[in-house]
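Asks: Next comes the structure file entry13.cif, holding mmCIF, C-alpha atoms and all ligand atoms.
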```cif
data_coords
loop_
_atom_site.group_PDB
_atom_site.id
_atom_site.type_symbol
_atom_site.label_atom_id
_atom_site.label_comp_id
_atom_site.auth_asym_id
_atom_site.auth_seq_id
_atom_site.Cartn_x
_atom_site.Cartn_y
_atom_site.Cartn_z
ATOM 1 C CA MET A 2 0.000 0.000 0.000
ATOM 2 C CA SER A 3 1.343 3.415 -0.905
ATOM 3 C CA PHE A 4 2.142 5.996 1.773
ATOM 4 C CA LYS A 5 -0.480 8.524 2.807
ATOM 5 C CA PRO A 6 0.002 11.287 5.395
ATOM 6 C CA LYS A 7 -1.970 10.584 8.563
ATOM 7 C CA GLN A 8 -3.782 13.922 8.275
ATOM 8 C CA ILE A 9 -5.157 13.249 4.794
ATOM 9 C CA ILE A 10 -8.870 13.132 4.077
ATOM 10 C CA ASN A 11 -9.679 10.017 2.053
ATOM 11 C CA PHE A 12 -12.024 11.550 -0.424
ATOM 12 C CA LYS A 13 -15.643 10.533 -0.645
ATOM 13 C CA ALA A 14 -18.290 12.131 -2.838
ATOM 14 C CA GLU A 15 -19.469 14.461 -0.058
ATOM 15 C CA ASP A 16 -15.916 15.755 0.456
ATOM 16 C CA LEU A 17 -15.583 16.644 -3.221
ATOM 17 C CA ILE A 18 -18.953 18.373 -3.092
ATOM 18 C CA GLU A 19 -17.819 20.375 -0.041
ATOM 19 C CA LEU A 20 -14.535 21.276 -1.760
ATOM 20 C CA GLN A 21 -16.160 22.413 -4.998
ATOM 21 C CA GLY A 22 -19.203 24.094 -3.486
ATOM 22 C CA SER A 23 -21.753 24.681 -6.200
ATOM 23 C CA VAL A 24 -19.307 25.783 -8.914
ATOM 24 C CA THR A 25 -19.265 22.473 -10.781
ATOM 25 C CA GLU A 26 -23.067 22.302 -10.882
ATOM 26 C CA VAL A 27 -23.261 25.920 -11.998
ATOM 27 C CA GLY A 28 -20.735 25.212 -14.764
ATOM 28 C CA ILE A 29 -22.493 22.036 -15.885
ATOM 29 C CA GLY A 30 -25.823 23.867 -15.794
ATOM 30 C CA TYR A 31 -24.391 26.472 -18.190
ATOM 31 C CA SER A 32 -23.113 23.691 -20.477
ATOM 32 C CA LEU A 33 -26.498 21.963 -20.611
ATOM 33 C CA GLY A 34 -28.126 25.305 -21.402
ATOM 34 C CA PHE A 35 -26.279 25.373 -24.741
ATOM 35 C CA LEU A 36 -27.737 22.035 -25.870
ATOM 36 C CA PRO A 37 -31.139 21.063 -27.201
ATOM 37 C CA PRO A 38 -33.013 18.620 -24.918
ATOM 38 C CA PHE A 39 -31.859 15.010 -24.982
ATOM 39 C CA THR A 40 -34.008 12.623 -26.967
ATOM 40 C CA GLU A 41 -34.853 8.977 -26.489
ATOM 41 C CA GLY A 42 -32.005 6.654 -27.397
ATOM 42 C CA ASP A 43 -29.229 9.229 -26.914
ATOM 43 C CA GLU A 44 -25.965 7.707 -25.776
ATOM 44 C CA VAL A 45 -23.954 10.048 -23.600
ATOM 45 C CA HIS A 46 -20.333 9.768 -22.471
ATOM 46 C CA ASP A 47 -19.387 11.353 -19.134
ATOM 47 C CA ASN A 48 -15.630 11.306 -19.732
ATOM 48 C CA ALA A 49 -13.321 11.872 -16.710
ATOM 49 C CA CYS A 50 -16.544 11.745 -14.710
ATOM 50 C CA GLY A 51 -15.137 12.175 -11.193
ATOM 51 C CA PHE A 52 -17.979 11.314 -8.841
ATOM 52 C CA GLY A 53 -20.480 11.793 -11.656
ATOM 53 C CA ALA A 54 -21.581 15.423 -11.385
ATOM 54 C CA VAL A 55 -22.542 15.521 -15.088
ATOM 55 C CA THR A 56 -24.331 12.186 -14.902
ATOM 56 C CA GLU A 57 -26.203 13.312 -11.797
ATOM 57 C CA MET A 58 -27.300 16.596 -13.293
ATOM 58 C CA ILE A 59 -28.502 15.048 -16.565
ATOM 59 C CA MET A 60 -30.312 12.182 -14.858
ATOM 60 C CA GLY A 61 -31.685 14.555 -12.212
ATOM 61 C CA ARG A 62 -33.437 16.479 -14.953
ATOM 62 C CA HIS A 63 -35.487 13.380 -15.812
ATOM 63 C CA PRO A 64 -34.585 13.040 -19.463
ATOM 64 C CA PRO A 65 -36.287 10.432 -21.579
ATOM 65 C CA ALA A 66 -34.698 7.021 -22.007
ATOM 66 C CA ILE A 67 -31.034 7.760 -22.555
ATOM 67 C CA ARG A 68 -27.946 5.856 -21.418
ATOM 68 C CA ILE A 69 -24.879 7.424 -19.852
ATOM 69 C CA TYR A 70 -21.430 5.826 -19.884
ATOM 70 C CA ALA A 71 -19.396 7.324 -17.044
ATOM 71 C CA THR A 72 -15.640 6.708 -17.074
ATOM 72 C CA ASP A 73 -12.647 7.995 -15.148
ATOM 73 C CA ILE A 74 -9.049 6.933 -14.587
ATOM 74 C CA ASN A 75 -9.573 6.924 -10.807
ATOM 75 C CA LYS A 76 -11.305 3.699 -9.784
ATOM 76 C CA GLU A 77 -12.549 5.079 -6.467
ATOM 77 C CA PHE A 78 -14.332 7.875 -8.291
ATOM 78 C CA VAL A 79 -15.826 5.368 -10.731
ATOM 79 C CA GLN A 80 -17.036 3.282 -7.793
ATOM 80 C CA GLY A 81 -18.646 6.357 -6.241
ATOM 81 C CA CYS A 82 -20.343 7.116 -9.533
ATOM 82 C CA ALA A 83 -21.544 3.502 -9.903
ATOM 83 C CA GLU A 84 -23.070 3.629 -6.406
ATOM 84 C CA LEU A 85 -24.764 6.931 -7.155
ATOM 85 C CA ALA A 86 -26.336 5.454 -10.307
ATOM 86 C CA LYS A 87 -27.330 2.229 -8.576
ATOM 87 C CA ASN A 88 -28.941 4.025 -5.624
ATOM 88 C CA ASN A 89 -30.997 6.108 -8.019
ATOM 89 C CA GLY A 90 -31.795 3.321 -10.492
ATOM 90 C CA TRP A 91 -30.325 5.303 -13.394
ATOM 91 C CA PRO A 92 -29.339 3.650 -16.710
ATOM 92 C CA VAL A 93 -25.638 4.342 -16.290
ATOM 93 C CA SER A 94 -22.687 2.088 -17.162
ATOM 94 C CA THR A 95 -19.420 2.832 -15.399
ATOM 95 C CA ALA A 96 -15.838 1.798 -16.097
ATOM 96 C CA THR A 97 -12.334 2.754 -15.062
ATOM 97 C CA MET A 98 -10.786 4.058 -18.260
ATOM 98 C CA SER A 99 -8.141 6.476 -19.454
ATOM 99 C CA ALA A 100 -9.437 9.349 -21.580
ATOM 100 C CA GLN A 101 -6.487 8.636 -23.880
ATOM 101 C CA GLU A 102 -7.596 5.025 -24.459
ATOM 102 C CA LEU A 103 -11.360 4.840 -24.546
ATOM 103 C CA LYS A 104 -12.645 1.303 -24.896
ATOM 104 C CA PHE A 105 -15.624 2.335 -26.994
ATOM 105 C CA PRO A 106 -16.176 1.811 -30.724
ATOM 106 C CA ASP A 107 -16.021 4.639 -33.267
ATOM 107 C CA ASP A 108 -19.115 6.818 -33.781
ATOM 108 C CA LYS A 109 -20.904 5.634 -30.612
ATOM 109 C CA PHE A 110 -22.013 8.696 -28.663
ATOM 110 C CA THR A 111 -24.533 11.412 -29.422
ATOM 111 C CA HIS A 112 -22.942 13.570 -26.681
ATOM 112 C CA SER A 113 -19.501 13.478 -25.095
ATOM 113 C CA PHE A 114 -18.922 15.537 -21.942
ATOM 114 C CA THR A 115 -15.393 16.157 -20.650
ATOM 115 C CA THR A 116 -16.206 18.529 -17.852
ATOM 116 C CA PHE A 117 -13.595 20.619 -16.045
ATOM 117 C CA ALA A 118 -10.972 18.054 -16.900
ATOM 118 C CA PHE A 119 -9.095 18.911 -20.109
ATOM 119 C CA HIS A 120 -6.540 20.955 -18.160
ATOM 120 C CA CYS A 121 -5.582 17.981 -15.972
ATOM 121 C CA LEU A 122 -5.916 14.950 -18.255
ATOM 122 C CA GLY A 123 -2.283 14.726 -19.289
ATOM 123 C CA ASP A 124 -2.069 14.237 -23.074
ATOM 124 C CA HIS A 125 -5.079 16.355 -24.064
ATOM 125 C CA ASP A 126 -4.517 15.983 -27.825
ATOM 126 C CA THR A 127 -4.891 12.198 -27.626
ATOM 127 C CA ALA A 128 -7.883 12.656 -25.311
ATOM 128 C CA ALA A 129 -9.473 14.999 -27.890
ATOM 129 C CA ARG A 130 -8.830 12.458 -30.682
ATOM 130 C CA GLU A 131 -10.622 9.838 -28.582
ATOM 131 C CA VAL A 132 -13.570 12.179 -27.961
ATOM 132 C CA TYR A 133 -13.804 12.823 -31.717
ATOM 133 C CA ARG A 134 -13.426 9.152 -32.651
ATOM 134 C CA THR A 135 -16.143 7.952 -30.284
ATOM 135 C CA LEU A 136 -18.653 10.663 -31.224
ATOM 136 C CA LYS A 137 -21.305 9.979 -33.893
ATOM 137 C CA PRO A 138 -21.168 12.229 -36.971
ATOM 138 C CA GLY A 139 -23.434 15.149 -36.041
ATOM 139 C CA GLY A 140 -22.830 14.453 -32.328
ATOM 140 C CA THR A 141 -21.810 17.116 -29.820
ATOM 141 C CA ALA A 142 -18.741 17.281 -27.619
ATOM 142 C CA ILE A 143 -18.915 19.498 -24.555
ATOM 143 C CA ALA A 144 -15.477 20.249 -23.113
ATOM 144 C CA SER A 145 -15.071 22.673 -20.248
ATOM 145 C CA ILE A 146 -12.143 24.059 -18.286
ATOM 146 C CA TRP A 147 -11.650 26.620 -15.546
ATOM 147 C CA THR A 148 -9.645 29.552 -16.895
ATOM 148 C CA SER A 149 -9.594 31.262 -13.481
ATOM 149 C CA MET A 150 -8.979 29.126 -10.381
ATOM 150 C CA PRO A 151 -7.803 31.584 -7.710
ATOM 151 C CA HIS A 152 -6.976 28.816 -5.224
ATOM 152 C CA VAL A 153 -4.296 27.349 -7.502
ATOM 153 C CA ASP A 154 -1.784 30.119 -6.690
ATOM 154 C CA ALA A 155 -2.319 29.531 -2.958
ATOM 155 C CA LEU A 156 -1.810 25.773 -3.257
ATOM 156 C CA GLN A 157 1.229 26.172 -5.490
ATOM 157 C CA HIS A 158 2.698 28.525 -2.897
ATOM 158 C CA ALA A 159 2.218 25.849 -0.223
ATOM 159 C CA HIS A 160 3.760 23.235 -2.545
ATOM 160 C CA TRP A 161 6.892 25.319 -3.128
ATOM 161 C CA LEU A 162 7.128 26.276 0.558
ATOM 162 C CA THR A 163 6.978 22.688 1.837
ATOM 163 C CA ARG A 164 8.601 20.778 -1.052
ATOM 164 C CA GLY A 165 10.980 23.284 -2.596
ATOM 165 C CA ARG A 166 11.153 24.533 -6.162
ATOM 166 C CA GLU A 167 12.570 21.317 -7.655
ATOM 167 C CA GLY A 168 10.415 18.434 -8.765
ATOM 168 C CA PRO A 169 7.009 18.146 -10.351
ATOM 169 C CA MET A 170 3.902 20.099 -9.428
ATOM 170 C CA PRO A 171 0.729 18.155 -8.516
ATOM 171 C CA LYS A 172 -1.195 17.321 -11.685
ATOM 172 C CA LEU A 173 -4.234 19.268 -10.600
ATOM 173 C CA LEU A 174 -2.206 22.447 -10.000
ATOM 174 C CA PRO A 175 -0.854 23.211 -13.467
ATOM 175 C CA VAL A 176 1.779 25.959 -13.564
ATOM 176 C CA GLU A 177 0.936 26.867 -17.141
ATOM 177 C CA PRO A 178 -2.651 28.066 -17.405
ATOM 178 C CA PHE A 179 -4.834 26.087 -19.802
ATOM 179 C CA THR A 180 -6.668 28.685 -21.854
ATOM 180 C CA GLU A 181 -9.540 28.843 -24.311
ATOM 181 C CA SER A 182 -6.948 28.786 -27.150
ATOM 182 C CA ASP A 183 -5.389 25.622 -25.695
ATOM 183 C CA LEU A 184 -8.803 23.984 -25.495
ATOM 184 C CA ARG A 185 -9.652 24.978 -29.076
ATOM 185 C CA ARG A 186 -6.262 23.779 -30.305
ATOM 186 C CA ALA A 187 -6.710 20.394 -28.591
ATOM 187 C CA LEU A 188 -10.199 19.955 -30.072
ATOM 188 C CA GLU A 189 -8.945 20.899 -33.540
ATOM 189 C CA THR A 190 -6.046 18.464 -33.188
ATOM 190 C CA GLY A 191 -8.626 15.877 -32.170
ATOM 191 C CA GLY A 192 -10.414 16.340 -35.501
ATOM 192 C CA PHE A 193 -13.069 19.018 -34.900
ATOM 193 C CA LYS A 194 -13.256 21.719 -37.580
ATOM 194 C CA PRO A 195 -12.610 25.250 -36.194
ATOM 195 C CA GLU A 196 -15.946 26.476 -37.582
ATOM 196 C CA ASN A 197 -17.744 23.743 -35.616
ATOM 197 C CA ILE A 198 -16.370 24.862 -32.231
ATOM 198 C CA THR A 199 -17.910 27.658 -30.170
ATOM 199 C CA CYS A 200 -16.627 28.756 -26.757
ATOM 200 C CA HIS A 201 -18.580 30.422 -23.973
ATOM 201 C CA THR A 202 -17.292 32.065 -20.783
ATOM 202 C CA ARG A 203 -19.194 32.150 -17.488
ATOM 203 C CA GLN A 204 -18.355 33.036 -13.876
ATOM 204 C CA ALA A 205 -19.160 30.892 -10.849
ATOM 205 C CA PHE A 206 -18.527 31.749 -7.216
ATOM 206 C CA LEU A 207 -17.001 29.391 -4.665
ATOM 207 C CA THR A 208 -17.914 30.439 -1.132
ATOM 208 C CA ILE A 209 -15.643 29.096 1.617
ATOM 209 C CA PRO A 210 -17.136 29.452 5.108
ATOM 210 C CA ASP A 211 -14.188 27.845 6.935
ATOM 211 C CA LEU A 212 -10.777 28.365 5.324
ATOM 212 C CA ARG A 213 -9.011 25.840 7.595
ATOM 213 C CA ARG A 214 -11.405 23.040 6.756
ATOM 214 C CA TRP A 215 -11.240 23.946 3.062
ATOM 215 C CA ALA A 216 -7.425 23.982 3.090
ATOM 216 C CA GLN A 217 -7.482 20.481 4.596
ATOM 217 C CA LEU A 218 -9.816 19.236 1.864
ATOM 218 C CA ALA A 219 -7.985 21.066 -0.919
ATOM 219 C CA TRP A 220 -4.498 19.851 0.006
ATOM 220 C CA SER A 221 -5.773 16.261 0.438
ATOM 221 C CA TYR A 222 -7.314 16.274 -3.049
ATOM 222 C CA LEU A 223 -5.082 18.602 -5.033
ATOM 223 C CA GLY A 224 -1.727 18.374 -3.267
ATOM 224 C CA GLU A 225 -0.751 14.855 -4.285
ATOM 225 C CA LEU A 226 2.340 14.566 -6.494
ATOM 226 C CA PRO A 227 2.207 12.517 -9.687
ATOM 227 C CA LYS A 228 4.337 9.434 -10.227
ATOM 228 C CA PRO A 229 5.657 9.027 -13.739
ATOM 229 C CA ASP A 230 3.710 5.825 -14.348
ATOM 230 C CA GLU A 231 0.507 6.478 -12.413
ATOM 231 C CA TRP A 232 -1.990 9.224 -11.965
ATOM 232 C CA SER A 233 -1.898 9.213 -8.189
ATOM 233 C CA ASN A 234 -0.060 7.898 -5.105
ATOM 234 C CA GLY A 235 2.590 10.533 -4.733
ATOM 235 C CA TRP A 236 2.614 11.360 -1.018
ATOM 236 C CA SER A 237 5.723 11.189 1.168
ATOM 237 C CA GLN A 238 6.729 11.337 4.829
ATOM 238 C CA ARG A 239 7.847 14.933 4.198
ATOM 239 C CA ASP A 240 4.251 15.819 3.305
ATOM 240 C CA GLU A 241 3.063 14.383 6.630
ATOM 241 C CA ASP A 242 5.777 16.265 8.556
ATOM 242 C CA LYS A 243 4.969 19.540 6.803
ATOM 243 C CA TRP A 244 1.206 19.100 6.613
ATOM 244 C CA ASP A 245 0.392 21.828 9.147
ATOM 245 C CA GLU A 246 2.805 24.239 7.496
ATOM 246 C CA ALA A 247 1.119 23.667 4.124
ATOM 247 C CA GLN A 248 -2.315 24.153 5.687
ATOM 248 C CA ALA A 249 -1.363 27.403 7.427
ATOM 249 C CA ASP A 250 0.150 28.725 4.203
ATOM 250 C CA ILE A 251 -2.953 27.956 2.114
ATOM 251 C CA VAL A 252 -5.146 29.732 4.678
ATOM 252 C CA GLU A 253 -2.777 32.699 4.788
ATOM 253 C CA GLN A 254 -2.592 32.959 0.980
ATOM 254 C CA LEU A 255 -6.346 32.814 0.513
ATOM 255 C CA ASP A 256 -7.018 35.156 3.393
ATOM 256 C CA SER A 257 -4.546 37.787 2.259
ATOM 257 C CA GLY A 258 -4.755 37.291 -1.487
ATOM 258 C CA ARG A 259 -7.684 39.582 -2.063
ATOM 259 C CA GLY A 260 -8.142 40.991 -5.501
ATOM 260 C CA ASN A 261 -10.506 40.689 -8.402
ATOM 261 C CA PHE A 262 -10.855 36.969 -7.948
ATOM 262 C CA ILE A 263 -10.730 36.601 -4.135
ATOM 263 C CA ALA A 264 -13.092 38.603 -1.922
ATOM 264 C CA LYS A 265 -14.971 38.438 1.389
ATOM 265 C CA ASN A 266 -18.748 38.506 1.531
ATOM 266 C CA GLU A 267 -20.844 40.288 4.170
ATOM 267 C CA LYS A 268 -20.588 37.226 6.467
ATOM 268 C CA GLY A 269 -16.781 37.338 6.296
ATOM 269 C CA GLU A 270 -16.660 34.194 4.153
ATOM 270 C CA THR A 271 -14.034 33.945 1.430
ATOM 271 C CA VAL A 272 -15.445 34.014 -2.097
ATOM 272 C CA LEU A 273 -13.380 32.837 -5.067
ATOM 273 C CA THR A 274 -14.441 33.866 -8.563
ATOM 274 C CA MET A 275 -13.973 30.943 -10.944
ATOM 275 C CA VAL A 276 -14.256 31.479 -14.683
ATOM 276 C CA ALA A 277 -15.443 28.588 -16.845
ATOM 277 C CA CYS A 278 -14.778 28.236 -20.554
ATOM 278 C CA ILE A 279 -17.203 25.828 -22.186
ATOM 279 C CA ALA A 280 -16.485 24.585 -25.703
ATOM 280 C CA ILE A 281 -19.302 23.064 -27.730
ATOM 281 C CA ALA A 282 -17.969 21.173 -30.742
ATOM 282 C CA THR A 283 -19.896 19.191 -33.325
ATOM 283 C CA LYS A 284 -18.516 16.357 -35.424
HETATM 284 C C1 LIG B 301 -11.486 18.241 -11.850
HETATM 285 S S1 LIG B 301 -12.057 16.590 -11.949
HETATM 286 C C2 LIG B 301 -13.588 16.780 -12.859
HETATM 287 C C3 LIG B 301 -14.535 15.648 -12.599
HETATM 288 C C4 LIG B 301 -15.935 15.789 -13.201
HETATM 289 N N1 LIG B 301 -15.915 15.798 -14.656
HETATM 290 C C5 LIG B 301 -16.642 17.020 -12.668
HETATM 291 O O1 LIG B 301 -16.917 17.931 -13.460
HETATM 292 O O2 LIG B 301 -16.917 17.059 -11.453
HETATM 293 C C6 LIG B 301 -10.957 15.891 -13.151
HETATM 294 C C7 LIG B 301 -11.152 14.394 -13.333
HETATM 295 O O3 LIG B 301 -10.306 13.935 -14.388
HETATM 296 C C8 LIG B 301 -9.915 12.612 -14.058
HETATM 297 N N2 LIG B 301 -8.741 12.292 -14.885
HETATM 298 C C9 LIG B 301 -7.498 12.827 -14.824
HETATM 299 N N3 LIG B 301 -6.719 12.305 -15.786
HETATM 300 C C10 LIG B 301 -7.490 11.420 -16.484
HETATM 301 C C11 LIG B 301 -7.251 10.592 -17.612
HETATM 302 N N4 LIG B 301 -6.077 10.562 -18.217
HETATM 303 N N5 LIG B 301 -8.267 9.822 -18.060
HETATM 304 C C12 LIG B 301 -9.490 9.854 -17.451
HETATM 305 N N6 LIG B 301 -9.763 10.620 -16.380
HETATM 306 C C13 LIG B 301 -8.785 11.403 -15.900
HETATM 307 C C14 LIG B 301 -9.642 12.678 -12.569
HETATM 308 O O4 LIG B 301 -9.634 11.410 -11.980
HETATM 309 C C15 LIG B 301 -10.804 13.564 -12.106
HETATM 310 O O5 LIG B 301 -11.923 12.798 -11.758
#
```
Starting from the coordinates I provided, produce the structure as structure tokens.
Replies:
Amino acid sequence: MSFKPKQIINFKAEDLIELQGSVTEVGIGYSLGFLPPFTEGDEVHDNACGFGAVTEMIMGRHPPAIRIYATDINKEFVQGCAELAKNNGWPVSTATMSAQELKFPDDKFTHSFTTFAFHCLGDHDTAAREVYRTLKPGGTAIASIWTSMPHVDALQHAHWLTRGREGPMPKLLPVEPFTESDLRRALETGGFKPENITCHTRQAFLTIPDLRRWAQLAWSYLGELPKPDEWSNGWSQRDEDKWDEAQADIVEQLDSGRGNFIAKNEKGETVLTMVACIAIATK
């Protein structure tokens, strides 16, 4: 079994929901607003599904008989998503699967969602090729990213403070921002024609009532270092020893880092302004 710091929160669906607040739902809601209603027989891919926020929102809107295929590289997330579907009796198939190697035939899906994931998938060009390959001609790909994530600077600061400047950054804390142009370029490399891609920008607000609790959740989920051959399992004894230092630094950065994208509301809660870019691409 790989090492985990004793302070770490072993993520369950409710922890991810607490970490993300309502921003994911708001972002997915915007994405769905750009699409015509689903119709009977639609086959939908929830690619890099996490705990199934897209699946949940689509199924929660009581569409007609459609099937969703929810996949993610993280088997615990896939399990969480499978349980969610089972508990609700939804027609959802789940599988642990890399976005770069989808085990689906060509031209299968009417819709392919890759929500808030393109910036952290690794090889996004190959992922885009797989989205294109598995989409039916005339089908729609919905690919979204966050172009403003004010917490990333705070977490990177804690990473550098406790681990030094050498070595890799956690996968979910990319140093280079992933922009609308990067998303467009990946989709075009994947096979989508530029004229068939439209991008939309929307804000969503993440309210953090308790910065200490949020720092604990955020570092547990986002602070893990990558291993060259795996997506996860990169914690060390040093991370356990310096856990409190990392926590204090994240709180300090978010508390003091006020600006356009970090503010306090009237209750004194910290509010982060996230900016979503949602690409809608047709094959
Ligand atoms: C920020 S989460 C977004 C999850 C979900 N789509 C949502 O909107 O809540 C990014 C997801 O990408 C998954 N992921 C990262 N690299 C992947 C890859 N190469 N193939 C498939 N999933 C991957 C992670 O496991 C994680 O669940």
Asks: List the spatial neighbours of Val24 in chain A as an mmCIF file with C-alpha atoms, keeping the file's coordinate frame - criterion: any atom at most 12 Å away, all atoms listed in the file, same-chain residues fewer than 3 positions off excluded.
Replies:
```cif
data_model
loop_
_atom_site.group_PDB
_atom_site.id
_atom_site.type_symbol
_atom_site.label_atom_id
_atom_site.label_comp_id
_atom_site.auth_asym_id
_atom_site.auth_seq_id
_atom_site.Cartn_x
_atom_site.Cartn_y
_atom_site.Cartn_z
ATOM 1 C CA LEU A 17 -15.583 16.644 -3.221
ATOM 2 C CA ILE A 18 -18.953 18.373 -3.092
ATOM 3 C CA GLU A 19 -17.819 20.375 -0.041
ATOM 4 C CA LEU A 20 -14.535 21.276 -1.760
ATOM 5 C CA GLN A 21 -16.160 22.413 -4.998
ATOM 6 C CA VAL A 27 -23.261 25.920 -11.998
ATOM 7 C CA GLY A 28 -20.735 25.212 -14.764
ATOM 8 C CA ILE A 29 -22.493 22.036 -15.885
ATOM 9 C CA GLY A 30 -25.823 23.867 -15.794
ATOM 10 C CA TYR A 31 -24.391 26.472 -18.190
ATOM 11 C CA ALA A 54 -21.581 15.423 -11.385
ATOM 12 C CA THR A 116 -16.206 18.529 -17.852
ATOM 13 C CA PHE A 117 -13.595 20.619 -16.045
ATOM 14 C CA ILE A 146 -12.143 24.059 -18.286
ATOM 15 C CA TRP A 147 -11.650 26.620 -15.546
ATOM 16 C CA MET A 150 -8.979 29.126 -10.381
ATOM 17 C CA ARG A 203 -19.194 32.150 -17.488
ATOM 18 C CA GLN A 204 -18.355 33.036 -13.876
ATOM 19 C CA ALA A 205 -19.160 30.892 -10.849
ATOM 20 C CA PHE A 206 -18.527 31.749 -7.216
ATOM 21 C CA LEU A 207 -17.001 29.391 -4.665
ATOM 22 C CA THR A 208 -17.914 30.439 -1.132
ATOM 23 C CA ILE A 209 -15.643 29.096 1.617
ATOM 24 C CA VAL A 272 -15.445 34.014 -2.097
ATOM 25 C CA LEU A 273 -13.380 32.837 -5.067
ATOM 26 C CA THR A 274 -14.441 33.866 -8.563
ATOM 27 C CA MET A 275 -13.973 30.943 -10.944
ATOM 28 C CA VAL A 276 -14.256 31.479 -14.683
ATOM 29 C CA ALA A 277 -15.443 28.588 -16.845
#
```
Asks: I'd like the interatomic distance between CA of Thr190 in chain A and CA of Ser94 in chain A, to a tenth of an Å.
Replies: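 Straight-line distance from CA of Thr190 in chain A to CA of Ser94 in chain A works out to 28.3 Å.
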Asks: With the cut-off set at 7 Å and counting all atoms listed in the file, tabulate each residue of chain A with an atom at most that distance from an atom of ligand LIG 301 (chain B), showing the nearest atom pair and its distance in Å to one decimal, ordered by chain and increasing number, as a Markdown table.
Replies:
```
| residue | atom | partner | partner_atom | distance |
| --- | --- | --- | --- | --- |
| A:Thr25 | CA | B:LIG301 | O1 | 5.8 |
| A:Asn48 | CA | B:LIG301 | C12 | 6.7 |
| A:Ala49 | CA | B:LIG301 | N6 | 3.8 |
| A:Cys50 | CA | B:LIG301 | N1 | 4.1 |
| A:Gly51 | CA | B:LIG301 | O5 | 3.3 |
| A:Phe52 | CA | B:LIG301 | O2 | 6.4 |
| A:Gly53 | CA | B:LIG301 | C4 | 6.2 |
| A:Ala54 | CA | B:LIG301 | O2 | 4.9 |
| A:Val55 | CA | B:LIG301 | O1 | 6.3 |
| A:Thr72 | CA | B:LIG301 | C12 | 6.9 |
| A:Asp73 | CA | B:LIG301 | N6 | 4.1 |
| A:Ile74 | CA | B:LIG301 | C12 | 4.1 |
| A:Asn75 | CA | B:LIG301 | O4 | 4.6 |
| A:Phe78 | CA | B:LIG301 | O5 | 6.5 |
| A:Met98 | CA | B:LIG301 | C12 | 6.0 |
| A:Ser99 | CA | B:LIG301 | N5 | 3.6 |
| A:Ala100 | CA | B:LIG301 | N5 | 3.7 |
| A:Gln101 | CA | B:LIG301 | N4 | 6.0 |
| A:Thr115 | CA | B:LIG301 | N1 | 6.0 |
| A:Thr116 | CA | B:LIG301 | N1 | 4.2 |
| A:Phe117 | CA | B:LIG301 | C2 | 5.0 |
| A:Ala118 | CA | B:LIG301 | C6 | 4.3 |
| A:Cys121 | CA | B:LIG301 | C9 | 5.6 |
| A:Leu122 | CA | B:LIG301 | N3 | 3.7 |
| A:Gly123 | CA | B:LIG301 | N4 | 5.7 |
| A:Trp232 | CA | B:LIG301 | N3 | 6.8 |
```
Asks: Generate a file of the selected residues that holds C-alpha atoms, formatted as an mmCIF file, in the coordinates of the input.
Replies:
```cif
data_model
loop_
_atom_site.group_PDB
_atom_site.id
_atom_site.type_symbol
_atom_site.label_atom_id
_atom_site.label_comp_id
_atom_site.auth_asym_id
_atom_site.auth_seq_id
_atom_site.Cartn_x
_atom_site.Cartn_y
_atom_site.Cartn_z
ATOM 1 C CA THR A 25 -19.265 22.473 -10.781
ATOM 2 C CA ASN A 48 -15.630 11.306 -19.732
ATOM 3 C CA ALA A 49 -13.321 11.872 -16.710
ATOM 4 C CA CYS A 50 -16.544 11.745 -14.710
ATOM 5 C CA GLY A 51 -15.137 12.175 -11.193
ATOM 6 C CA PHE A 52 -17.979 11.314 -8.841
ATOM 7 C CA GLY A 53 -20.480 11.793 -11.656
ATOM 8 C CA ALA A 54 -21.581 15.423 -11.385
ATOM 9 C CA VAL A 55 -22.542 15.521 -15.088
ATOM 10 C CA THR A 72 -15.640 6.708 -17.074
ATOM 11 C CA ASP A 73 -12.647 7.995 -15.148
ATOM 12 C CA ILE A 74 -9.049 6.933 -14.587
ATOM 13 C CA ASN A 75 -9.573 6.924 -10.807
ATOM 14 C CA PHE A 78 -14.332 7.875 -8.291
ATOM 15 C CA MET A 98 -10.786 4.058 -18.260
ATOM 16 C CA SER A 99 -8.141 6.476 -19.454
ATOM 17 C CA ALA A 100 -9.437 9.349 -21.580
ATOM 18 C CA GLN A 101 -6.487 8.636 -23.880
ATOM 19 C CA THR A 115 -15.393 16.157 -20.650
ATOM 20 C CA THR A 116 -16.206 18.529 -17.852
ATOM 21 C CA PHE A 117 -13.595 20.619 -16.045
ATOM 22 C CA ALA A 118 -10.972 18.054 -16.900
ATOM 23 C CA CYS A 121 -5.582 17.981 -15.972
ATOM 24 C CA LEU A 122 -5.916 14.950 -18.255
ATOM 25 C CA GLY A 123 -2.283 14.726 -19.289
ATOM 26 C CA TRP A 232 -1.990 9.224 -11.965
#
```
Asks: Once you add 5 Å to each side, what are the centre and edge lengths of the axis-aligned box holding all listed atoms of range 98-111 of chain A? One decimal in Å, as JSON, if you can.
Replies:
```
{"center_x": -15.5, "center_y": 6.4, "center_z": -26.0, "size_x": 28.0, "size_y": 20.1, "size_z": 25.5}
```
Asks: Could you work out how far CA of Lys7 in chain A lies from CA of Gln238 in chain A, giving the answer in Å with one decimal?
Replies: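 Result for CA of Gln238 in chain A versus CA of Lys7 in chain A: 9.5 Å, one decimal.
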Asks: Just how far from CA of His201 in chain A is CA of Glu189 in chain A, in Å to one decimal?
Replies: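 Computed distance, CA of Glu189 in chain A to CA of His201 in chain A, equals 16.6 Å.
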Asks: List as a list in words the residues having at least one atom at most 10 Å from position (3.1, 9.9, 0.7) as given in the file, counting all atoms listed in the file.
Replies: Ser3, Phe4, Lys5, Pro6, Lys7, Ile9, Glu225, Leu226, Asn234, Gly235, Trp236, Ser237, Gln238, Arg239, Asp240 and Glu241 of chain A
